[in-house]
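**Q** Right, I'll just put the structure down here and ask away after.
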Amino acid sequence: MFKNILVAAALLFAAPQVFAADCSVELTGNDQLQFNKKSIEVSKACESFTINFKHIGKLAREVMGHDVVITKAADKDAVNTAGMQAGLANGYVPQDDGRVVAASDLIGGGESTSVRFDPKKLAGGDYVFFCSFPGHASIMTGNLKLVD
Ligand code: CO
């Protein structure tokens with residue numbers, strides 16, 4: 001009886017934290033063009049998934065800006081090119097472009113932002129995240145994996 005109460009109490013406290021951890025991830029980028037992750041697992045069970053992104057470098061947005069853009073792997077290069085044309089004023093992200101699943105703000109050293117999306121949008125394809133600042137996408141990129 002007493003043991004059951006302890007188990008129930010443990011579940012009560014543990015469950016919300018597990019859920020929150022499953023539906024968000026902490027991503028960083030630095031002045032050496034490095035994300036700290038090459039792959040992010042996204043649970044199908046999440047109604048929405050959040051990437052909390054922090055620029056841990058010191059350089060300004062105009063010279064070492066980073067963002068997190070999500071597209072199909074096959075769309076990455078074309079979206080990246082369109083982003084360069086969209087320019088700094090648009091955070092190097094093409095506006096109203098259906099190929100962009102989600103995109104964060106473009107940030108500089110010491111700043112943080114986040115990007116949220118519906119995991120259902122990743123069904124049935126290979127998706128990636130990348131930084132759309134000119135010249136960064138070939139290095140600052142990783143896979144998004146939809147998992148149970
Ligand atoms: Co960047």
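Starting from 1 in every chain, residues are counted up; chains themselves are A, B, ... following the order of the structure tokens, and ligands are numbered from 1 as listed.
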Please identify the strand (DSSP E) residues within chain A (assignment by DSSP from backbone atoms) and present them as a ChimeraX atom specification.
**A** /A:24-29,39-43,49-55,69-72,102-103,112-117,127-130,141-147
**Q** May I have the residues within 9 Å of ligand 1, computed using only C-alpha atoms and all ligand atoms, as a PDB file with all heavy atoms, in the first residue's frame?
**A**
```
ATOM      1  N   GLY A  29      24.934  27.124 -31.404  1.00  0.00           N
ATOM      2  CA  GLY A  29      25.809  27.393 -32.537  1.00  0.00           C
ATOM      3  C   GLY A  29      26.917  28.316 -32.054  1.00  0.00           C
ATOM      4  O   GLY A  29      26.679  29.124 -31.145  1.00  0.00           O
ATOM      5  N   ASN A  30      28.114  28.205 -32.643  1.00  0.00           N
ATOM      6  CA  ASN A  30      29.222  29.026 -32.149  1.00  0.00           C
ATOM      7  C   ASN A  30      29.876  29.826 -33.281  1.00  0.00           C
ATOM      8  O   ASN A  30      29.413  29.807 -34.429  1.00  0.00           O
ATOM      9  CB  ASN A  30      30.242  28.159 -31.397  1.00  0.00           C
ATOM     10  CG  ASN A  30      30.908  27.121 -32.289  1.00  0.00           C
ATOM     11  OD1 ASN A  30      30.926  27.246 -33.522  1.00  0.00           O
ATOM     12  ND2 ASN A  30      31.454  26.095 -31.677  1.00  0.00           N
ATOM     13  N   ASP A  31      30.958  30.520 -32.952  1.00  0.00           N
ATOM     14  CA  ASP A  31      31.648  31.353 -33.945  1.00  0.00           C
ATOM     15  C   ASP A  31      32.503  30.534 -34.906  1.00  0.00           C
ATOM     16  O   ASP A  31      33.095  31.073 -35.833  1.00  0.00           O
ATOM     17  CB  ASP A  31      32.532  32.393 -33.233  1.00  0.00           C
ATOM     18  CG  ASP A  31      31.731  33.508 -32.594  1.00  0.00           C
ATOM     19  OD1 ASP A  31      30.562  33.712 -32.992  1.00  0.00           O
ATOM     20  OD2 ASP A  31      32.267  34.193 -31.690  1.00  0.00           O
ATOM     21  N   LEU A  33      31.206  28.096 -36.715  1.00  0.00           N
ATOM     22  CA  LEU A  33      30.220  27.467 -37.617  1.00  0.00           C
ATOM     23  C   LEU A  33      29.854  26.054 -37.196  1.00  0.00           C
ATOM     24  O   LEU A  33      29.716  25.171 -38.023  1.00  0.00           O
ATOM     25  CB  LEU A  33      30.750  27.411 -39.069  1.00  0.00           C
ATOM     26  CG  LEU A  33      31.184  28.699 -39.753  1.00  0.00           C
ATOM     27  CD1 LEU A  33      31.528  28.422 -41.200  1.00  0.00           C
ATOM     28  CD2 LEU A  33      30.096  29.747 -39.679  1.00  0.00           C
ATOM     29  N   GLN A  34      29.715  25.853 -35.892  1.00  0.00           N
ATOM     30  CA  GLN A  34      29.359  24.514 -35.425  1.00  0.00           C
ATOM     31  C   GLN A  34      28.043  24.516 -34.663  1.00  0.00           C
ATOM     32  O   GLN A  34      27.882  25.262 -33.696  1.00  0.00           O
ATOM     33  CB  GLN A  34      30.459  23.967 -34.495  1.00  0.00           C
ATOM     34  CG  GLN A  34      31.749  23.685 -35.211  1.00  0.00           C
ATOM     35  CD  GLN A  34      32.917  23.555 -34.241  1.00  0.00           C
ATOM     36  OE1 GLN A  34      32.948  24.175 -33.173  1.00  0.00           O
ATOM     37  NE2 GLN A  34      33.895  22.750 -34.616  1.00  0.00           N
ATOM     38  N   PHE A  35      27.121  23.678 -35.108  1.00  0.00           N
ATOM     39  CA  PHE A  35      25.992  23.310 -34.261  1.00  0.00           C
ATOM     40  C   PHE A  35      26.512  22.229 -33.312  1.00  0.00           C
ATOM     41  O   PHE A  35      27.420  21.472 -33.671  1.00  0.00           O
ATOM     42  CB  PHE A  35      24.863  22.697 -35.104  1.00  0.00           C
ATOM     43  CG  PHE A  35      23.978  23.696 -35.814  1.00  0.00           C
ATOM     44  CD1 PHE A  35      23.582  23.459 -37.127  1.00  0.00           C
ATOM     45  CD2 PHE A  35      23.499  24.835 -35.182  1.00  0.00           C
ATOM     46  CE1 PHE A  35      22.745  24.334 -37.797  1.00  0.00           C
ATOM     47  CE2 PHE A  35      22.653  25.729 -35.848  1.00  0.00           C
ATOM     48  CZ  PHE A  35      22.279  25.471 -37.144  1.00  0.00           C
ATOM     49  N   ARG A  61      25.392  39.387 -35.433  1.00  0.00           N
ATOM     50  CA  ARG A  61      24.449  38.784 -36.378  1.00  0.00           C
ATOM     51  C   ARG A  61      24.834  39.061 -37.837  1.00  0.00           C
ATOM     52  O   ARG A  61      24.680  38.193 -38.695  1.00  0.00           O
ATOM     53  CB  ARG A  61      23.092  39.412 -36.044  1.00  0.00           C
ATOM     54  CG  ARG A  61      21.919  39.068 -36.889  1.00  0.00           C
ATOM     55  CD  ARG A  61      20.708  39.781 -36.277  1.00  0.00           C
ATOM     56  NE  ARG A  61      19.486  39.472 -37.008  1.00  0.00           N
ATOM     57  CZ  ARG A  61      19.018  40.197 -38.022  1.00  0.00           C
ATOM     58  NH1 ARG A  61      19.689  41.258 -38.436  1.00  0.00           N
ATOM     59  NH2 ARG A  61      17.896  39.856 -38.623  1.00  0.00           N
ATOM     60  N   MET A  64      28.296  36.832 -38.317  1.00  0.00           N
ATOM     61  CA  MET A  64      28.278  35.410 -37.927  1.00  0.00           C
ATOM     62  C   MET A  64      26.882  35.049 -37.434  1.00  0.00           C
ATOM     63  O   MET A  64      26.713  34.418 -36.408  1.00  0.00           O
ATOM     64  CB  MET A  64      29.348  35.170 -36.835  1.00  0.00           C
ATOM     65  CG  MET A  64      29.572  33.737 -36.380  1.00  0.00           C
ATOM     66  SD  MET A  64      29.937  32.533 -37.658  1.00  0.00           S
ATOM     67  CE  MET A  64      31.602  33.027 -38.110  1.00  0.00           C
ATOM     68  N   GLY A  65      25.879  35.460 -38.219  1.00  0.00           N
ATOM     69  CA  GLY A  65      24.508  35.164 -37.823  1.00  0.00           C
ATOM     70  C   GLY A  65      24.201  33.680 -37.965  1.00  0.00           C
ATOM     71  O   GLY A  65      24.739  33.008 -38.838  1.00  0.00           O
ATOM     72  N   HIS A  66      23.346  33.189 -37.071  1.00  0.00           N
ATOM     73  CA  HIS A  66      22.890  31.803 -37.169  1.00  0.00           C
ATOM     74  C   HIS A  66      21.371  31.756 -37.018  1.00  0.00           C
ATOM     75  O   HIS A  66      20.787  32.541 -36.253  1.00  0.00           O
ATOM     76  CB  HIS A  66      23.500  30.933 -36.069  1.00  0.00           C
ATOM     77  CG  HIS A  66      24.991  30.821 -36.114  1.00  0.00           C
ATOM     78  ND1 HIS A  66      25.705  30.675 -37.276  1.00  0.00           N
ATOM     79  CD2 HIS A  66      25.900  30.814 -35.101  1.00  0.00           C
ATOM     80  CE1 HIS A  66      27.000  30.585 -36.985  1.00  0.00           C
ATOM     81  NE2 HIS A  66      27.147  30.679 -35.681  1.00  0.00           N
ATOM     82  N   ASP A  67      20.792  30.813 -37.733  1.00  0.00           N
ATOM     83  CA  ASP A  67      19.376  30.522 -37.546  1.00  0.00           C
ATOM     84  C   ASP A  67      19.169  29.026 -37.714  1.00  0.00           C
ATOM     85  O   ASP A  67      20.133  28.283 -37.950  1.00  0.00           O
ATOM     86  CB  ASP A  67      18.497  31.342 -38.514  1.00  0.00           C
ATOM     87  CG  ASP A  67      18.742  31.015 -39.974  1.00  0.00           C
ATOM     88  OD1 ASP A  67      19.515  30.075 -40.266  1.00  0.00           O
ATOM     89  OD2 ASP A  67      18.149  31.686 -40.838  1.00  0.00           O
ATOM     90  N   VAL A  68      17.944  28.587 -37.565  1.00  0.00           N
ATOM     91  CA  VAL A  68      17.604  27.177 -37.739  1.00  0.00           C
ATOM     92  C   VAL A  68      16.447  27.114 -38.717  1.00  0.00           C
ATOM     93  O   VAL A  68      15.335  27.561 -38.405  1.00  0.00           O
ATOM     94  CB  VAL A  68      17.200  26.510 -36.403  1.00  0.00           C
ATOM     95  CG1 VAL A  68      16.881  25.035 -36.615  1.00  0.00           C
ATOM     96  CG2 VAL A  68      18.310  26.671 -35.362  1.00  0.00           C
ATOM     97  N   LEU A 106      17.135  35.042 -37.126  1.00  0.00           N
ATOM     98  CA  LEU A 106      18.592  35.047 -37.279  1.00  0.00           C
ATOM     99  C   LEU A 106      19.176  35.808 -36.086  1.00  0.00           C
ATOM    100  O   LEU A 106      18.781  36.948 -35.830  1.00  0.00           O
ATOM    101  CB  LEU A 106      18.979  35.741 -38.582  1.00  0.00           C
ATOM    102  CG  LEU A 106      20.469  35.768 -38.925  1.00  0.00           C
ATOM    103  CD1 LEU A 106      20.931  34.419 -39.456  1.00  0.00           C
ATOM    104  CD2 LEU A 106      20.760  36.860 -39.956  1.00  0.00           C
ATOM    105  N   ILE A 107      20.097  35.161 -35.359  1.00  0.00           N
ATOM    106  CA  ILE A 107      20.606  35.781 -34.129  1.00  0.00           C
ATOM    107  C   ILE A 107      22.128  35.896 -34.148  1.00  0.00           C
ATOM    108  O   ILE A 107      22.816  35.202 -34.903  1.00  0.00           O
ATOM    109  CB  ILE A 107      20.159  35.002 -32.870  1.00  0.00           C
ATOM    110  CG1 ILE A 107      20.621  33.542 -32.931  1.00  0.00           C
ATOM    111  CG2 ILE A 107      18.649  35.092 -32.704  1.00  0.00           C
ATOM    112  CD1 ILE A 107      20.352  32.759 -31.634  1.00  0.00           C
ATOM    113  N   GLY A 108      22.637  36.768 -33.296  1.00  0.00           N
ATOM    114  CA  GLY A 108      24.072  36.963 -33.143  1.00  0.00           C
ATOM    115  C   GLY A 108      24.557  36.389 -31.816  1.00  0.00           C
ATOM    116  O   GLY A 108      23.776  35.846 -31.031  1.00  0.00           O
ATOM    117  N   PHE A 130      19.220  23.547 -40.954  1.00  0.00           N
ATOM    118  CA  PHE A 130      20.479  24.178 -41.353  1.00  0.00           C
ATOM    119  C   PHE A 130      20.442  25.671 -41.039  1.00  0.00           C
ATOM    120  O   PHE A 130      19.379  26.238 -40.786  1.00  0.00           O
ATOM    121  CB  PHE A 130      20.774  23.955 -42.846  1.00  0.00           C
ATOM    122  CG  PHE A 130      19.798  24.590 -43.797  1.00  0.00           C
ATOM    123  CD1 PHE A 130      20.040  25.860 -44.332  1.00  0.00           C
ATOM    124  CD2 PHE A 130      18.640  23.928 -44.172  1.00  0.00           C
ATOM    125  CE1 PHE A 130      19.150  26.448 -45.222  1.00  0.00           C
ATOM    126  CE2 PHE A 130      17.738  24.510 -45.054  1.00  0.00           C
ATOM    127  CZ  PHE A 130      17.989  25.774 -45.575  1.00  0.00           C
ATOM    128  N   CYS A 131      21.627  26.296 -41.075  1.00  0.00           N
ATOM    129  CA  CYS A 131      21.739  27.752 -40.913  1.00  0.00           C
ATOM    130  C   CYS A 131      21.771  28.364 -42.305  1.00  0.00           C
ATOM    131  O   CYS A 131      22.589  27.979 -43.149  1.00  0.00           O
ATOM    132  CB  CYS A 131      23.005  28.118 -40.143  1.00  0.00           C
ATOM    133  SG  CYS A 131      23.258  29.918 -40.073  1.00  0.00           S
ATOM    134  N   SER A 132      20.889  29.345 -42.536  1.00  0.00           N
ATOM    135  CA  SER A 132      20.772  29.934 -43.876  1.00  0.00           C
ATOM    136  C   SER A 132      21.647  31.177 -44.070  1.00  0.00           C
ATOM    137  O   SER A 132      21.578  31.813 -45.122  1.00  0.00           O
ATOM    138  CB  SER A 132      19.308  30.269 -44.170  1.00  0.00           C
ATOM    139  OG  SER A 132      18.849  31.312 -43.325  1.00  0.00           O
ATOM    140  N   PHE A 133      22.466  31.519 -43.084  1.00  0.00           N
ATOM    141  CA  PHE A 133      23.402  32.635 -43.283  1.00  0.00           C
ATOM    142  C   PHE A 133      24.349  32.247 -44.425  1.00  0.00           C
ATOM    143  O   PHE A 133      24.822  31.109 -44.481  1.00  0.00           O
ATOM    144  CB  PHE A 133      24.199  32.888 -41.994  1.00  0.00           C
ATOM    145  CG  PHE A 133      24.989  34.173 -41.996  1.00  0.00           C
ATOM    146  CD1 PHE A 133      24.475  35.333 -41.452  1.00  0.00           C
ATOM    147  CD2 PHE A 133      26.263  34.219 -42.558  1.00  0.00           C
ATOM    148  CE1 PHE A 133      25.208  36.519 -41.446  1.00  0.00           C
ATOM    149  CE2 PHE A 133      27.000  35.400 -42.570  1.00  0.00           C
ATOM    150  CZ  PHE A 133      26.472  36.551 -42.015  1.00  0.00           C
ATOM    151  N   PRO A 134      24.626  33.178 -45.356  1.00  0.00           N
ATOM    152  CA  PRO A 134      25.436  32.827 -46.531  1.00  0.00           C
ATOM    153  C   PRO A 134      26.747  32.121 -46.176  1.00  0.00           C
ATOM    154  O   PRO A 134      27.518  32.610 -45.348  1.00  0.00           O
ATOM    155  CB  PRO A 134      25.695  34.190 -47.188  1.00  0.00           C
ATOM    156  CG  PRO A 134      24.495  35.002 -46.812  1.00  0.00           C
ATOM    157  CD  PRO A 134      24.160  34.574 -45.411  1.00  0.00           C
ATOM    158  N   GLY A 135      26.951  30.965 -46.786  1.00  0.00           N
ATOM    159  CA  GLY A 135      28.180  30.205 -46.581  1.00  0.00           C
ATOM    160  C   GLY A 135      28.159  29.234 -45.417  1.00  0.00           C
ATOM    161  O   GLY A 135      29.116  28.489 -45.222  1.00  0.00           O
ATOM    162  N   HIS A 136      27.066  29.197 -44.640  1.00  0.00           N
ATOM    163  CA  HIS A 136      27.038  28.348 -43.448  1.00  0.00           C
ATOM    164  C   HIS A 136      26.378  26.987 -43.656  1.00  0.00           C
ATOM    165  O   HIS A 136      26.643  26.046 -42.914  1.00  0.00           O
ATOM    166  CB  HIS A 136      26.311  29.061 -42.295  1.00  0.00           C
ATOM    167  CG  HIS A 136      27.049  30.249 -41.751  1.00  0.00           C
ATOM    168  ND1 HIS A 136      26.730  30.848 -40.558  1.00  0.00           N
ATOM    169  CD2 HIS A 136      28.096  30.951 -42.252  1.00  0.00           C
ATOM    170  CE1 HIS A 136      27.548  31.881 -40.340  1.00  0.00           C
ATOM    171  NE2 HIS A 136      28.378  31.963 -41.360  1.00  0.00           N
ATOM    172  N   ALA A 137      25.494  26.882 -44.632  1.00  0.00           N
ATOM    173  CA  ALA A 137      24.605  25.711 -44.711  1.00  0.00           C
ATOM    174  C   ALA A 137      25.319  24.385 -44.974  1.00  0.00           C
ATOM    175  O   ALA A 137      24.822  23.331 -44.581  1.00  0.00           O
ATOM    176  CB  ALA A 137      23.536  25.936 -45.781  1.00  0.00           C
ATOM    177  N   ILE A 139      28.081  23.411 -43.672  1.00  0.00           N
ATOM    178  CA  ILE A 139      28.708  22.926 -42.432  1.00  0.00           C
ATOM    179  C   ILE A 139      27.688  22.862 -41.307  1.00  0.00           C
ATOM    180  O   ILE A 139      27.621  21.891 -40.558  1.00  0.00           O
ATOM    181  CB  ILE A 139      29.866  23.859 -42.021  1.00  0.00           C
ATOM    182  CG1 ILE A 139      30.883  23.955 -43.169  1.00  0.00           C
ATOM    183  CG2 ILE A 139      30.539  23.354 -40.743  1.00  0.00           C
ATOM    184  CD1 ILE A 139      31.831  25.124 -43.029  1.00  0.00           C
ATOM    185  N   MET A 140      26.879  23.918 -41.197  1.00  0.00           N
ATOM    186  CA  MET A 140      25.903  23.990 -40.110  1.00  0.00           C
ATOM    187  C   MET A 140      24.602  23.332 -40.550  1.00  0.00           C
ATOM    188  O   MET A 140      23.658  23.990 -41.007  1.00  0.00           O
ATOM    189  CB  MET A 140      25.641  25.440 -39.697  1.00  0.00           C
ATOM    190  CG  MET A 140      26.878  26.171 -39.193  1.00  0.00           C
ATOM    191  SD  MET A 140      26.488  27.789 -38.493  1.00  0.00           S
ATOM    192  CE  MET A 140      25.793  27.334 -36.900  1.00  0.00           C
TER     193      MET A 140
END
```
**Q** Have a look at A:Ile40, A:Met84, A:Ala102, A:Cys46 and name the one nearest to Val25 of chain A; count only C-alpha atoms.
**A** A:Ile40
**Q** Looking at only C-alpha atoms, which of A:Gly109, A:Thr141, A:Ser39, A:Gly57 is the one that sits closest to Glu26 of chain A?
**A**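 Under the stated criterion, the closest residue is A:Ser39.
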**Q** Find the spatial neighbours of segment 73-82 of chain A, counting only C-alpha atoms, within a cut-off of 7 Å - ignore same-chain residues fewer than 2 positions away - and output them as a PyMOL selection string.
**A** chain A and resi 71+84-86+94+99+126-128+132
**Q** Just N, CA and C atoms for this one: save the residues we selected as a PDB file, in the first residue's frame.
**A**
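Okay, part_14.pdb is ready:
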```
ATOM      1  N   THR A  71      13.746  22.168 -43.700  1.00  0.00           N
ATOM      2  CA  THR A  71      13.179  21.857 -45.018  1.00  0.00           C
ATOM      3  C   THR A  71      13.356  20.368 -45.293  1.00  0.00           C
ATOM      4  N   MET A  84      19.540  33.545 -49.532  1.00  0.00           N
ATOM      5  CA  MET A  84      20.583  34.550 -49.792  1.00  0.00           C
ATOM      6  C   MET A  84      20.003  35.723 -50.557  1.00  0.00           C
ATOM      7  N   GLN A  85      19.123  35.419 -51.521  1.00  0.00           N
ATOM      8  CA  GLN A  85      18.490  36.487 -52.307  1.00  0.00           C
ATOM      9  C   GLN A  85      17.537  37.308 -51.437  1.00  0.00           C
ATOM     10  N   ALA A  86      16.907  36.669 -50.464  1.00  0.00           N
ATOM     11  CA  ALA A  86      15.985  37.389 -49.568  1.00  0.00           C
ATOM     12  C   ALA A  86      16.745  38.389 -48.695  1.00  0.00           C
ATOM     13  N   PRO A  94      13.718  32.818 -47.344  1.00  0.00           N
ATOM     14  CA  PRO A  94      12.703  33.251 -48.308  1.00  0.00           C
ATOM     15  C   PRO A  94      11.336  33.333 -47.634  1.00  0.00           C
ATOM     16  N   ARG A  99       8.272  25.636 -49.095  1.00  0.00           N
ATOM     17  CA  ARG A  99       9.297  24.613 -48.823  1.00  0.00           C
ATOM     18  C   ARG A  99       9.896  24.757 -47.431  1.00  0.00           C
ATOM     19  N   ASP A 126      12.660  12.869 -45.907  1.00  0.00           N
ATOM     20  CA  ASP A 126      13.901  13.152 -45.180  1.00  0.00           C
ATOM     21  C   ASP A 126      13.999  14.659 -44.974  1.00  0.00           C
ATOM     22  N   TYR A 127      14.106  15.072 -43.725  1.00  0.00           N
ATOM     23  CA  TYR A 127      14.148  16.500 -43.403  1.00  0.00           C
ATOM     24  C   TYR A 127      15.469  16.871 -42.720  1.00  0.00           C
ATOM     25  N   VAL A 128      15.854  18.110 -42.922  1.00  0.00           N
ATOM     26  CA  VAL A 128      17.107  18.601 -42.342  1.00  0.00           C
ATOM     27  C   VAL A 128      16.876  19.937 -41.660  1.00  0.00           C
ATOM     28  N   SER A 132      20.889  29.345 -42.536  1.00  0.00           N
ATOM     29  CA  SER A 132      20.772  29.934 -43.876  1.00  0.00           C
ATOM     30  C   SER A 132      21.647  31.177 -44.070  1.00  0.00           C
TER      31      SER A 132
END
```
**Q** How close does each residue of segment 27-47 of chain A get to segment 114-120 of chain A, giving the shortest atom pair and distance in Å to one decimal for every residue with an atom at most 12 Å away, counting only C-alpha atoms, sorted by chain and residue number, as a Markdown table?
**A**
```
| residue | atom | partner | partner_atom | distance |
| --- | --- | --- | --- | --- |
| A:Leu27 | CA | A:Ser114 | CA | 9.3 |
| A:Thr28 | CA | A:Ser114 | CA | 10.9 |
| A:Ile40 | CA | A:Pro119 | CA | 11.9 |
| A:Glu41 | CA | A:Pro119 | CA | 10.3 |
| A:Val42 | CA | A:Pro119 | CA | 6.7 |
| A:Ser43 | CA | A:Pro119 | CA | 7.2 |
| A:Lys44 | CA | A:Pro119 | CA | 6.0 |
| A:Ala45 | CA | A:Pro119 | CA | 8.3 |
| A:Cys46 | CA | A:Pro119 | CA | 6.8 |
| A:Glu47 | CA | A:Asp118 | CA | 6.2 |
```
**Q** Filtering to C-alpha atoms, could you give me those residues as a PDB file, in the first residue's frame?
**A**
```pdb
ATOM      1  CA  LEU A  27      20.729  23.432 -29.824  1.00  0.00           C
ATOM      2  CA  THR A  28      23.737  25.753 -29.826  1.00  0.00           C
ATOM      3  CA  ILE A  40      17.732  15.660 -33.753  1.00  0.00           C
ATOM      4  CA  GLU A  41      15.110  13.043 -32.946  1.00  0.00           C
ATOM      5  CA  VAL A  42      11.529  14.279 -33.066  1.00  0.00           C
ATOM      6  CA  SER A  43       8.865  12.176 -31.371  1.00  0.00           C
ATOM      7  CA  LYS A  44       5.675  11.540 -33.337  1.00  0.00           C
ATOM      8  CA  ALA A  45       3.821  11.740 -30.012  1.00  0.00           C
ATOM      9  CA  CYS A  46       4.495  15.477 -29.688  1.00  0.00           C
ATOM     10  CA  GLU A  47       1.775  17.880 -30.776  1.00  0.00           C
TER      11      GLU A  47
END
```
**Q** Find the residue from A:Leu88, A:Ile70, A:Val147, A:Lys58 that sits nearest to Val101 of chain A; use only C-alpha atoms when measuring.
**A**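 Selected residue with least distance to Val101 of chain A: A:Ile70.
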